[in-house]
>>> print(open('run-v1.txt').read())   # compact mmCIF, C-alpha atoms and all ligand atoms
# COMPACT_ATOMS: atom_id res chain seq x y z
CA MET W 178 -8.56 -6.28 -1.37
CA ILE W 179 -4.78 -6.34 -1.61
CA VAL W 180 -3.25 -8.69 0.99
CA THR W 181 0.27 -9.91 1.61
CA THR W 182 1.64 -12.78 -0.40
CA LYS W 183 2.83 -14.28 2.87
CA ASP W 184 -0.73 -14.45 4.22
CA LEU W 185 -2.00 -16.15 1.07
CA PHE W 186 0.81 -18.70 1.30
CA LYS W 187 -0.03 -19.49 4.93
CA VAL W 188 -3.59 -20.43 3.98
CA ALA W 189 -2.66 -22.32 0.82
CA TYR W 190 0.47 -24.28 1.82
CA GLY W 191 0.08 -28.02 1.25
CA LYS W 192 -3.59 -27.67 0.29
CA PHE W 193 -3.71 -25.81 -3.01
CA ALA W 194 -1.62 -23.56 -5.24
CA ILE W 195 -2.33 -19.92 -5.92
CA GLY W 196 -2.40 -18.83 -9.55
CA ALA W 197 0.07 -16.05 -10.31
CA TYR W 198 -1.06 -14.36 -13.51
CA ASN W 199 0.91 -11.76 -15.48
CA ILE W 200 -0.94 -8.69 -16.65
CA ASN W 201 -0.05 -5.91 -19.06
CA ASN W 202 -3.28 -4.07 -19.77
CA LEU W 203 -6.82 -3.37 -18.63
CA GLU W 204 -8.50 -6.12 -20.67
CA GLN W 205 -6.36 -8.79 -18.98
CA THR W 206 -6.99 -7.17 -15.60
CA MET W 207 -10.77 -7.12 -16.02
CA GLY W 208 -10.80 -10.75 -17.19
CA LEU W 209 -8.53 -11.80 -14.33
CA PHE W 210 -10.66 -10.22 -11.60
CA GLN W 211 -13.91 -11.50 -13.16
CA GLY W 212 -12.53 -15.04 -13.56
CA CYS W 213 -11.26 -15.15 -9.98
CA LEU W 214 -14.56 -13.86 -8.65
CA ASP W 215 -16.53 -16.36 -10.75
CA SER W 216 -14.38 -19.19 -9.40
CA GLN W 217 -14.15 -17.74 -5.88
CA ALA W 218 -10.37 -17.88 -5.87
CA PRO W 219 -7.62 -15.80 -4.28
CA PHE W 220 -4.90 -14.87 -6.76
CA ILE W 221 -1.59 -13.13 -7.34
CA ILE W 222 -1.19 -10.43 -9.98
CA GLN W 223 2.28 -10.49 -11.47
CA ILE W 224 3.91 -7.53 -13.11
CA SER W 225 7.12 -8.08 -15.05
CA LYS W 226 9.74 -5.49 -15.84
CA GLY W 227 8.48 -5.52 -19.44
CA ALA W 228 4.89 -4.99 -18.27
CA ARG W 229 5.98 -2.00 -16.15
CA SER W 230 7.43 -0.30 -19.23
CA TYR W 231 4.76 -1.43 -21.76
CA THR W 232 2.79 1.71 -21.01
CA ASN W 233 3.88 3.14 -17.69
CA LYS W 234 4.24 1.44 -14.30
CA LYS W 235 1.81 3.98 -12.84
CA MET W 236 -0.82 3.04 -15.40
CA LEU W 237 -0.74 -0.59 -14.26
CA GLU W 238 -0.98 0.43 -10.60
CA ALA W 239 -3.97 2.63 -11.39
CA ILE W 240 -5.67 -0.15 -13.35
CA ILE W 241 -5.20 -2.58 -10.46
CA ARG W 242 -6.43 -0.12 -7.82
CA THR W 243 -9.50 0.60 -9.95
CA ALA W 244 -10.18 -3.10 -10.51
CA ASP W 245 -10.01 -3.53 -6.74
CA GLU W 246 -12.80 -0.94 -6.45
CA ILE W 247 -14.89 -2.55 -9.20
CA PHE W 248 -14.47 -6.02 -7.63
CA PRO W 249 -14.50 -5.32 -3.87
CA ASP W 250 -14.89 -9.03 -2.99
CA SER W 251 -11.59 -10.02 -4.58
CA VAL W 252 -8.57 -10.99 -2.48
CA PHE W 253 -5.18 -10.78 -4.15
CA ALA W 254 -1.50 -9.92 -3.79
CA VAL W 255 0.61 -7.81 -6.17
CA HIS W 256 3.99 -9.25 -7.11
CA LEU W 257 6.99 -8.18 -9.19
CA ASP W 258 7.88 -11.03 -11.57
CA HIS W 259 11.57 -11.68 -12.44
CA GLY W 260 12.99 -8.50 -10.97
CA ASP W 261 16.59 -7.32 -11.10
CA LEU W 262 18.13 -5.44 -8.17
CA ASP W 263 17.08 -1.96 -9.34
CA THR W 264 13.52 -2.94 -10.23
CA CYS W 265 13.10 -4.74 -6.89
CA MET W 266 14.25 -1.64 -5.00
CA ASP W 267 11.90 0.56 -7.03
CA CYS W 268 8.94 -1.73 -6.25
CA ILE W 269 9.87 -2.02 -2.57
CA ASN W 270 10.03 1.77 -2.29
CA SER W 271 6.77 2.29 -4.20
CA GLY W 272 4.67 0.92 -1.34
CA PHE W 273 2.34 -0.80 -3.83
CA TYR W 274 3.74 -4.32 -4.03
CA SER W 275 2.98 -7.22 -1.67
CA SER W 276 6.11 -9.08 -2.73
CA VAL W 277 8.97 -8.98 -5.21
CA MET W 278 10.93 -11.62 -7.05
CA ILE W 279 14.66 -11.15 -7.34
CA ASP W 280 15.89 -13.35 -10.16
CA ALA W 281 19.64 -13.72 -9.87
CA SER W 282 19.49 -17.38 -10.88
CA HIS W 283 21.88 -16.73 -13.77
CA GLU W 284 24.59 -15.71 -11.29
CA PRO W 285 26.94 -18.15 -9.50
CA PHE W 286 25.49 -19.58 -6.26
CA GLU W 287 27.24 -17.22 -3.80
CA LYS W 288 26.52 -14.14 -5.91
CA ASN W 289 22.84 -15.18 -6.18
CA ILE W 290 22.74 -15.36 -2.35
CA GLU W 291 24.45 -11.97 -2.01
CA ILE W 292 22.08 -10.16 -4.38
CA THR W 293 19.01 -11.89 -2.95
CA LYS W 294 20.03 -10.98 0.60
CA LYS W 295 20.33 -7.31 -0.36
CA VAL W 296 16.75 -7.35 -1.63
CA VAL W 297 15.54 -9.34 1.39
CA ASP W 298 17.04 -6.81 3.83
CA ALA W 299 15.37 -3.87 2.08
CA ALA W 300 12.05 -5.67 1.59
CA HIS W 301 11.74 -7.06 5.12
CA ALA W 302 12.40 -3.61 6.57
CA VAL W 303 9.06 -2.52 5.09
CA GLY W 304 7.11 -5.78 5.46
CA ILE W 305 7.42 -7.04 1.88
CA SER W 306 8.28 -10.66 1.15
CA VAL W 307 10.79 -11.92 -1.40
CA GLU W 308 10.77 -14.76 -3.90
CA ALA W 309 14.15 -15.86 -5.19
CA GLU W 310 15.19 -18.42 -7.78
CA LEU W 311 17.71 -21.23 -7.71
CA GLY W 312 18.45 -23.47 -10.67
CA LYS W 313 17.92 -22.65 -14.31
CA LEU W 314 14.74 -23.09 -16.26
CA GLY W 315 15.09 -24.03 -19.93
CA GLY W 316 13.90 -21.43 -22.42
CA VAL W 317 14.04 -17.68 -22.07
CA GLU W 318 13.97 -15.82 -18.76
CA GLU W 319 13.69 -12.09 -19.18
CA HIS W 320 16.92 -11.16 -20.95
CA VAL W 321 18.76 -14.39 -20.20
CA SER W 322 18.59 -17.24 -22.66
CA VAL W 323 19.43 -20.67 -21.29
CA SER W 324 19.60 -23.49 -23.80
CA GLU W 325 17.80 -26.73 -22.99
CA SER W 326 21.07 -28.59 -22.66
CA ASP W 327 22.28 -26.04 -20.16
CA ALA W 328 19.10 -26.15 -18.09
CA LYS W 329 19.85 -27.13 -14.51
CA LEU W 330 17.38 -28.48 -12.03
CA THR W 331 17.47 -27.07 -8.51
CA ASN W 332 19.82 -28.92 -6.20
CA PRO W 333 17.86 -29.73 -2.98
CA GLU W 334 20.90 -29.45 -0.69
CA GLN W 335 21.78 -26.09 -2.19
CA ALA W 336 18.15 -24.98 -1.86
CA LYS W 337 18.32 -25.33 1.92
CA GLU W 338 21.62 -23.49 2.14
CA PHE W 339 20.34 -20.78 -0.21
CA VAL W 340 17.18 -20.14 1.79
CA THR W 341 19.03 -20.12 5.11
CA LYS W 342 21.72 -17.74 3.93
CA SER W 343 19.58 -15.38 1.83
CA GLY W 344 16.54 -15.19 4.12
CA CYS W 345 14.13 -15.31 1.16
CA ASP W 346 10.46 -16.12 1.83
CA SER W 347 9.74 -18.41 -1.12
CA LEU W 348 11.83 -20.18 -3.71
CA ALA W 349 11.31 -20.65 -7.44
CA CYS W 350 12.69 -24.09 -8.26
CA ALA W 351 13.69 -25.49 -11.62
CA ILE W 352 11.92 -28.85 -11.85
CA GLY W 353 11.71 -29.30 -15.60
CA THR W 354 9.51 -26.47 -16.82
CA SER W 355 10.50 -23.56 -19.01
CA HIS W 356 8.94 -20.28 -20.06
CA GLY W 357 6.96 -19.78 -23.24
CA ALA W 358 4.91 -21.98 -25.57
CA PHE W 359 7.55 -24.57 -26.48
CA LYS W 360 8.39 -26.36 -23.26
CA PHE W 361 8.85 -29.98 -24.18
CA SER W 362 10.06 -31.56 -27.38
CA GLY W 363 9.30 -35.13 -26.30
CA THR W 364 7.26 -36.41 -23.41
CA GLN W 365 6.90 -33.87 -20.68
CA GLY W 366 8.00 -34.41 -17.16
CA LEU W 367 7.87 -32.49 -13.93
CA HIS W 368 10.60 -33.69 -11.59
CA PHE W 369 8.48 -34.52 -8.56
CA ASP W 370 11.44 -36.41 -7.10
CA VAL W 371 13.40 -33.15 -6.92
CA LEU W 372 10.42 -31.35 -5.38
CA GLU W 373 10.08 -34.06 -2.73
CA GLU W 374 13.73 -33.73 -1.79
CA ILE W 375 13.44 -29.96 -1.54
CA GLN W 376 10.31 -30.19 0.60
CA LYS W 377 12.03 -32.68 2.93
CA ARG W 378 14.80 -30.17 3.56
CA LEU W 379 12.53 -27.12 3.65
CA PRO W 380 9.28 -28.27 5.28
CA LYS W 381 6.44 -25.73 5.21
CA PHE W 382 8.50 -23.41 3.01
CA PRO W 383 6.56 -22.09 -0.02
CA LEU W 384 7.94 -23.21 -3.38
CA VAL W 385 7.13 -21.60 -6.71
CA MET W 386 6.72 -23.16 -10.12
CA HIS W 387 7.51 -20.91 -13.07
CA GLY W 388 6.83 -21.78 -16.70
CA SER W 389 3.58 -23.55 -15.84
CA SER W 390 1.38 -22.78 -18.83
CA SER W 391 -0.38 -25.81 -20.30
CA VAL W 392 -0.36 -24.58 -23.90
CA PRO W 393 -3.72 -26.29 -24.61
CA GLN W 394 -3.59 -28.09 -27.95
CA ASP W 395 -7.11 -27.00 -28.96
CA GLU W 396 -6.01 -23.39 -28.46
CA VAL W 397 -2.90 -23.95 -30.59
CA GLN W 398 -4.99 -25.60 -33.33
CA ARG W 399 -7.49 -22.72 -33.36
CA ILE W 400 -4.66 -20.18 -33.60
CA ASN W 401 -3.05 -22.08 -36.46
CA ALA W 402 -6.42 -22.48 -38.22
CA ALA W 403 -6.87 -18.73 -38.05
CA GLY W 404 -3.54 -17.93 -39.69
CA GLY W 405 -1.10 -18.50 -36.82
CA SER W 406 2.06 -20.53 -36.94
CA LEU W 407 2.72 -22.23 -33.63
CA LYS W 408 4.06 -25.60 -34.64
CA GLY W 409 5.14 -27.99 -31.89
CA ALA W 410 3.91 -25.78 -29.04
CA LYS W 411 3.56 -27.83 -25.85
CA GLY W 412 3.09 -27.18 -22.14
CA VAL W 413 2.67 -28.60 -18.64
CA ASP W 414 -0.13 -31.04 -17.82
CA ALA W 415 -2.40 -28.98 -15.55
CA ASP W 416 -3.56 -32.17 -13.83
CA GLN W 417 -0.15 -32.24 -12.15
CA PHE W 418 -0.72 -28.97 -10.26
CA ARG W 419 -2.53 -30.61 -7.35
CA LYS W 420 0.29 -33.08 -6.74
CA ALA W 421 2.82 -30.24 -6.91
CA ALA W 422 0.75 -28.35 -4.30
CA THR W 423 0.96 -31.25 -1.83
CA LEU W 424 4.75 -31.11 -2.27
CA GLY W 425 4.97 -27.48 -1.21
CA VAL W 426 4.33 -25.62 -4.47
CA THR W 427 2.21 -22.71 -3.30
CA LYS W 428 2.44 -20.36 -6.30
CA ILE W 429 2.12 -21.38 -9.93
CA ASN W 430 3.06 -18.85 -12.63
CA ILE W 431 0.98 -18.62 -15.78
CA ASP W 432 1.46 -16.08 -18.54
CA THR W 433 1.79 -17.79 -21.93
CA ASP W 434 -1.66 -19.45 -21.79
CA GLY W 435 -3.27 -16.04 -21.36
CA ARG W 436 -1.36 -14.73 -24.36
CA LEU W 437 -2.66 -17.69 -26.38
CA VAL W 438 -6.25 -16.76 -25.44
CA TRP W 439 -5.55 -13.21 -26.63
CA CYS W 440 -4.00 -14.46 -29.87
CA ARG W 441 -6.84 -16.91 -30.64
CA VAL W 442 -9.61 -14.38 -29.95
CA HIS W 443 -8.05 -11.67 -32.09
CA ARG W 444 -7.03 -13.93 -34.99
CA GLU W 445 -10.49 -15.50 -35.15
CA SER W 446 -12.18 -12.15 -34.79
CA PHE W 447 -10.38 -10.57 -37.74
CA ARG W 448 -10.66 -13.74 -39.83
CA ASP W 449 -14.41 -13.96 -39.25
CA ASP W 450 -15.13 -10.25 -39.61
CA PRO W 451 -12.55 -8.86 -42.02
CA ALA W 452 -14.43 -5.60 -42.43
CA ASN W 453 -14.16 -4.78 -38.72
CA PHE W 454 -11.57 -2.27 -37.61
CA ASP W 455 -12.99 -1.49 -34.17
CA LEU W 456 -10.88 -2.72 -31.23
CA ARG W 457 -13.86 -3.14 -28.92
CA PRO W 458 -15.63 -6.20 -30.41
CA PRO W 459 -12.57 -8.49 -30.05
CA GLY W 460 -11.69 -6.76 -26.78
CA LYS W 461 -15.09 -7.62 -25.30
CA VAL W 462 -14.80 -11.24 -26.43
CA PHE W 463 -11.28 -11.41 -25.03
CA MET W 464 -12.29 -10.20 -21.55
CA LYS W 465 -15.02 -12.88 -21.38
CA GLU W 466 -12.78 -15.63 -22.72
CA TYR W 467 -9.97 -14.60 -20.39
CA ALA W 468 -12.30 -14.78 -17.39
CA LYS W 469 -13.37 -18.29 -18.46
CA PHE W 470 -9.75 -19.33 -18.88
CA ILE W 471 -8.80 -18.01 -15.43
CA ALA W 472 -11.72 -19.74 -13.72
CA HIS W 473 -10.79 -23.04 -15.38
CA LYS W 474 -7.15 -22.66 -14.37
CA ASN W 475 -8.13 -21.97 -10.77
CA GLU W 476 -10.09 -25.26 -10.77
CA LYS W 477 -6.91 -27.06 -11.81
CA LEU W 478 -4.85 -25.27 -9.16
CA GLY W 479 -7.33 -26.10 -6.42
CA SER W 480 -7.68 -22.39 -5.58
CA ALA W 481 -11.25 -22.25 -6.91
CA GLY W 482 -13.76 -22.08 -4.06
CA GLN W 483 -11.10 -21.13 -1.48
CA LEU W 484 -12.06 -17.46 -1.17
CA PRO W 485 -14.35 -17.93 1.87
CA LEU W 486 -11.61 -19.88 3.70
CA VAL W 487 -9.01 -17.23 2.85
CA LYS W 488 -11.28 -14.44 4.10
CA LYS W 489 -12.04 -16.34 7.29
CA GLN W 490 -8.41 -17.10 8.05
CA LEU W 491 -7.28 -13.56 7.27
CA GLY W 492 -10.19 -12.05 9.21
CA ILE W 493 -11.61 -10.06 6.25
O1 LIG S 1 8.48 -15.19 -17.23
C1 LIG S 1 8.22 -14.14 -17.78
C2 LIG S 1 6.81 -13.73 -17.94
O2 LIG S 1 6.14 -14.56 -18.85
C3 LIG S 1 6.73 -12.27 -18.31
O3 LIG S 1 7.10 -12.06 -19.62
O4 LIG S 1 8.88 -10.33 -19.48
O5 LIG S 1 7.56 -10.69 -21.58
O6 LIG S 1 6.49 -9.63 -19.59
P1 LIG S 1 7.55 -10.58 -20.10
P1 LIG S 2 4.68 -19.48 -18.80
O1 LIG S 2 5.50 -18.94 -19.91
O2 LIG S 2 4.67 -20.98 -18.80
O3 LIG S 2 3.30 -18.95 -18.79
O4 LIG S 2 5.39 -19.04 -17.42
C1 LIG S 2 5.17 -17.77 -16.88
C2 LIG S 2 6.12 -17.44 -15.78
O5 LIG S 2 6.83 -18.26 -15.25
C3 LIG S 2 6.14 -16.04 -15.34
O6 LIG S 2 7.12 -15.81 -14.38
ZN ZN S 3 8.88 -17.01 -14.66
>>> encode(input="run-v1.txt", output="structure tokens")
Amino acid sequence: MIVTTKDLFKVAYGKFAIGAYNINNLEQTMGLFQGCLDSQAPFIIQISKGARSYTNKKMLEAIIRTADEIFPDSVFAVHLDHGDLDTCMDCINSGFYSSVMIDASHEPFEKNIEITKKVVDAAHAVGISVEAELGKLGGVEEHVSVSESDAKLTNPEQAKEFVTKSGCDSLACAIGTSHGAFKFSGTQGLHFDVLEEIQKRLPKFPLVMHGSSSVPQDEVQRINAAGGSLKGAKGVDADQFRKAATLGVTKINIDTDGRLVWCRVHRESFRDDPANFDLRPPGKVFMKEYAKFIAHKNEKLGSAGQLPLVKKQLGI
């Protein structure tokens, strides 16, 4: 069942984080729903601008609606990931999305507020909530490339002012993560001190952690052993998710790790069965492996086993 992101946040805040998983196709969708059902977890489906144009935005909507029918016990929200103004408005008007993210974090502070507020006004008028972003993650965000040296952590004082002035419902904070498979060159570090300061100023306000893939080293090794070339790939320690959740992180974004599962399954499949040219054998393996990966991630997030509580609190 599709629910509002706001409702999921109310149940989760301070207790656990909800996994926000990007999808692009039906195999990912089937694995995601199966994995969340197996682990009894609520979840957020994220659709990026790139995912909307990979096939057709309507195709993704149809896949999600059908998955909802196939898995009637699932509870999830549908979210636009890293939207610009036009894409946010399109999603708000579509009536399909539970929430949108407006990412104007590359703009100066006041301009970020102005753009975010525009989206908030339109979204709130139809009961949709809005995630905004303040600070700059290292790595690549949609079309904007921010070099590591330029990466700026979220300023806690500014976070309070930003939320008050923009009226957004959740805030993506830069606390040391970045998108993609190459997050840390040395020792990794989430800036819990920054999170603590933000939470002090914005108590009970849902915070979002982007760039949270773990880039498991065994996955990287298997990919490289099957012909891949991912040298130096490194991610976030998933054992830090629970601590982040106690500090107000209510949504944790994961995309890259799912892509690594896809890459490993397909590389190994074609290496081990070079005569195969049928898409279904690796596709079947992928859906199973993806479900396993999602269930494991939900354990780390603390969302596994929370489905009964969510249903009780939401009266479903
Ligand atoms: O943060 C971005 C997400 O990983 C989505 O990536 O824009 O390539 O779909 P994408
Ligand atoms: P990863 O690249 O770490 O999976 O982050 C995904 C993300 O933040 C999507 O918005
Ligand atoms: Zn992101």
>>> closest_residue(input="run-v1.txt", among="W:Met266, W:Ile179, W:Ile222, W:Ile431", to="ligand ZN 3 (chain S)", atoms="only C-alpha atoms and all ligand atoms")
W:Ile431
>>> residues_near_ligand(input="run-v1.txt", ligand="ligand LIG 1 (chain S)", cutoff="7 Å", atoms="all atoms listed in the file", output="PyMOL selection string")
chain W and resi 199+225-228+258-259+318-319+356-357+388+432-433
>>> closest_residue(input="run-v1.txt", among="W:Gly212, W:Gly492, W:Pro451, W:Gly196", to="ligand LIG 2 (chain S)", atoms="all atoms listed in the file")
W:Gly196
>>> residues_near_ligand(input="run-v1.txt", ligand="ligand LIG 2 (chain S)", cutoff="10 Å", atoms="all atoms listed in the file", output="ChimeraX atom specification")
/W:197-199,223-225,257-260,278,314,316-319,349,354-360,385-392,411-413,429-437
>>> closest_residue(input="run-v1.txt", among="W:Lys488, W:His301, W:Lys428, W:His368", to="ligand ZN 3 (chain S)", atoms="only C-alpha atoms and all ligand atoms")
W:Lys428
>>> closest_residue(input="run-v1.txt", among="W:Leu203, W:Val188, W:Ala218, W:Leu407", to="W:Gln483", atoms="all atoms listed in the file")
W:Ala218
>>> closest_residue(input="run-v1.txt", among="W:Asn289, W:Thr341, W:Ser271, W:Ser282", to="ligand ZN 3 (chain S)", atoms="only C-alpha atoms and all ligand atoms")
W:Ser282
>>> closest_residue(input="run-v1.txt", among="W:Leu379, W:Ile279, W:Gln490, W:Lys465", to="ligand ZN 3 (chain S)", atoms="all atoms listed in the file")
W:Ile279
>>> atom_distance(input="run-v1.txt", atom1="atom CA of W:Thr423", atom2="atom CA of W:Lys192")
6.2 Å
>>> atom_distance(input="run-v1.txt", atom1="atom CA of W:His283", atom2="atom CA of W:Val297")
18.0 Å
>>> build_atoms(input="run-v1.txt", residues="stretch 329-352 of chain W", atoms="N, CA, C and O atoms", output="PDB file, in the coordinates of the input")
ATOM      1  N   LYS W 329      19.435 -26.391 -15.704  1.00  0.00           N
ATOM      2  CA  LYS W 329      19.850 -27.130 -14.510  1.00  0.00           C
ATOM      3  C   LYS W 329      18.731 -27.153 -13.504  1.00  0.00           C
ATOM      4  O   LYS W 329      18.198 -26.109 -13.126  1.00  0.00           O
ATOM      5  N   LEU W 330      18.409 -28.363 -13.055  1.00  0.00           N
ATOM      6  CA  LEU W 330      17.380 -28.480 -12.030  1.00  0.00           C
ATOM      7  C   LEU W 330      17.940 -27.975 -10.700  1.00  0.00           C
ATOM      8  O   LEU W 330      19.146 -27.972 -10.480  1.00  0.00           O
ATOM      9  N   THR W 331      17.030 -27.565  -9.810  1.00  0.00           N
ATOM     10  CA  THR W 331      17.470 -27.070  -8.510  1.00  0.00           C
ATOM     11  C   THR W 331      18.052 -28.209  -7.676  1.00  0.00           C
ATOM     12  O   THR W 331      17.453 -29.285  -7.580  1.00  0.00           O
ATOM     13  N   ASN W 332      19.174 -27.933  -7.065  1.00  0.00           N
ATOM     14  CA  ASN W 332      19.820 -28.920  -6.200  1.00  0.00           C
ATOM     15  C   ASN W 332      19.209 -28.786  -4.782  1.00  0.00           C
ATOM     16  O   ASN W 332      19.319 -27.725  -4.173  1.00  0.00           O
ATOM     17  N   PRO W 333      18.556 -29.838  -4.265  1.00  0.00           N
ATOM     18  CA  PRO W 333      17.860 -29.730  -2.980  1.00  0.00           C
ATOM     19  C   PRO W 333      18.755 -29.313  -1.807  1.00  0.00           C
ATOM     20  O   PRO W 333      18.333 -28.525  -0.958  1.00  0.00           O
ATOM     21  N   GLU W 334      19.974 -29.831  -1.775  1.00  0.00           N
ATOM     22  CA  GLU W 334      20.900 -29.450  -0.690  1.00  0.00           C
ATOM     23  C   GLU W 334      21.202 -27.956  -0.757  1.00  0.00           C
ATOM     24  O   GLU W 334      21.187 -27.240   0.249  1.00  0.00           O
ATOM     25  N   GLN W 335      21.483 -27.508  -1.986  1.00  0.00           N
ATOM     26  CA  GLN W 335      21.780 -26.090  -2.190  1.00  0.00           C
ATOM     27  C   GLN W 335      20.570 -25.220  -1.864  1.00  0.00           C
ATOM     28  O   GLN W 335      20.723 -24.094  -1.391  1.00  0.00           O
ATOM     29  N   ALA W 336      19.378 -25.753  -2.120  1.00  0.00           N
ATOM     30  CA  ALA W 336      18.150 -24.980  -1.860  1.00  0.00           C
ATOM     31  C   ALA W 336      18.073 -24.617  -0.386  1.00  0.00           C
ATOM     32  O   ALA W 336      17.759 -23.483  -0.014  1.00  0.00           O
ATOM     33  N   LYS W 337      18.372 -25.589   0.467  1.00  0.00           N
ATOM     34  CA  LYS W 337      18.320 -25.330   1.920  1.00  0.00           C
ATOM     35  C   LYS W 337      19.349 -24.271   2.316  1.00  0.00           C
ATOM     36  O   LYS W 337      19.043 -23.321   3.043  1.00  0.00           O
ATOM     37  N   GLU W 338      20.550 -24.451   1.826  1.00  0.00           N
ATOM     38  CA  GLU W 338      21.620 -23.490   2.140  1.00  0.00           C
ATOM     39  C   GLU W 338      21.259 -22.098   1.623  1.00  0.00           C
ATOM     40  O   GLU W 338      21.438 -21.087   2.317  1.00  0.00           O
ATOM     41  N   PHE W 339      20.705 -22.067   0.417  1.00  0.00           N
ATOM     42  CA  PHE W 339      20.340 -20.780  -0.210  1.00  0.00           C
ATOM     43  C   PHE W 339      19.292 -20.039   0.613  1.00  0.00           C
ATOM     44  O   PHE W 339      19.428 -18.843   0.881  1.00  0.00           O
ATOM     45  N   VAL W 340      18.272 -20.769   1.033  1.00  0.00           N
ATOM     46  CA  VAL W 340      17.180 -20.140   1.790  1.00  0.00           C
ATOM     47  C   VAL W 340      17.702 -19.659   3.151  1.00  0.00           C
ATOM     48  O   VAL W 340      17.401 -18.545   3.596  1.00  0.00           O
ATOM     49  N   THR W 341      18.494 -20.488   3.795  1.00  0.00           N
ATOM     50  CA  THR W 341      19.030 -20.120   5.110  1.00  0.00           C
ATOM     51  C   THR W 341      19.898 -18.877   5.021  1.00  0.00           C
ATOM     52  O   THR W 341      19.766 -17.951   5.818  1.00  0.00           O
ATOM     53  N   LYS W 342      20.783 -18.860   4.027  1.00  0.00           N
ATOM     54  CA  LYS W 342      21.720 -17.740   3.930  1.00  0.00           C
ATOM     55  C   LYS W 342      21.100 -16.463   3.380  1.00  0.00           C
ATOM     56  O   LYS W 342      21.488 -15.361   3.755  1.00  0.00           O
ATOM     57  N   SER W 343      20.136 -16.595   2.468  1.00  0.00           N
ATOM     58  CA  SER W 343      19.580 -15.380   1.830  1.00  0.00           C
ATOM     59  C   SER W 343      18.411 -14.800   2.623  1.00  0.00           C
ATOM     60  O   SER W 343      18.138 -13.610   2.541  1.00  0.00           O
ATOM     61  N   GLY W 344      17.710 -15.666   3.359  1.00  0.00           N
ATOM     62  CA  GLY W 344      16.540 -15.190   4.120  1.00  0.00           C
ATOM     63  C   GLY W 344      15.307 -14.974   3.270  1.00  0.00           C
ATOM     64  O   GLY W 344      14.340 -14.342   3.716  1.00  0.00           O
ATOM     65  N   CYS W 345      15.292 -15.517   2.026  1.00  0.00           N
ATOM     66  CA  CYS W 345      14.130 -15.310   1.160  1.00  0.00           C
ATOM     67  C   CYS W 345      12.901 -16.035   1.723  1.00  0.00           C
ATOM     68  O   CYS W 345      13.026 -16.942   2.549  1.00  0.00           O
ATOM     69  N   ASP W 346      11.712 -15.607   1.270  1.00  0.00           N
ATOM     70  CA  ASP W 346      10.460 -16.120   1.830  1.00  0.00           C
ATOM     71  C   ASP W 346       9.824 -17.223   0.991  1.00  0.00           C
ATOM     72  O   ASP W 346       8.925 -17.930   1.463  1.00  0.00           O
ATOM     73  N   SER W 347      10.224 -17.321  -0.257  1.00  0.00           N
ATOM     74  CA  SER W 347       9.740 -18.410  -1.120  1.00  0.00           C
ATOM     75  C   SER W 347      10.805 -18.643  -2.183  1.00  0.00           C
ATOM     76  O   SER W 347      11.627 -17.757  -2.454  1.00  0.00           O
ATOM     77  N   LEU W 348      10.761 -19.838  -2.766  1.00  0.00           N
ATOM     78  CA  LEU W 348      11.830 -20.180  -3.710  1.00  0.00           C
ATOM     79  C   LEU W 348      11.271 -20.767  -5.007  1.00  0.00           C
ATOM     80  O   LEU W 348      10.520 -21.750  -4.988  1.00  0.00           O
ATOM     81  N   ALA W 349      11.645 -20.121  -6.115  1.00  0.00           N
ATOM     82  CA  ALA W 349      11.310 -20.650  -7.440  1.00  0.00           C
ATOM     83  C   ALA W 349      12.317 -21.742  -7.762  1.00  0.00           C
ATOM     84  O   ALA W 349      13.522 -21.503  -7.748  1.00  0.00           O
ATOM     85  N   CYS W 350      11.807 -22.944  -8.017  1.00  0.00           N
ATOM     86  CA  CYS W 350      12.690 -24.090  -8.260  1.00  0.00           C
ATOM     87  C   CYS W 350      12.588 -24.510  -9.718  1.00  0.00           C
ATOM     88  O   CYS W 350      11.501 -24.486 -10.306  1.00  0.00           O
ATOM     89  N   ALA W 351      13.702 -24.939 -10.261  1.00  0.00           N
ATOM     90  CA  ALA W 351      13.690 -25.490 -11.620  1.00  0.00           C
ATOM     91  C   ALA W 351      13.429 -26.980 -11.489  1.00  0.00           C
ATOM     92  O   ALA W 351      14.262 -27.736 -10.971  1.00  0.00           O
ATOM     93  N   ILE W 352      12.244 -27.411 -11.937  1.00  0.00           N
ATOM     94  CA  ILE W 352      11.920 -28.850 -11.850  1.00  0.00           C
ATOM     95  C   ILE W 352      11.463 -29.389 -13.210  1.00  0.00           C
ATOM     96  O   ILE W 352      10.672 -30.321 -13.291  1.00  0.00           O
TER      97      ILE W 352
END
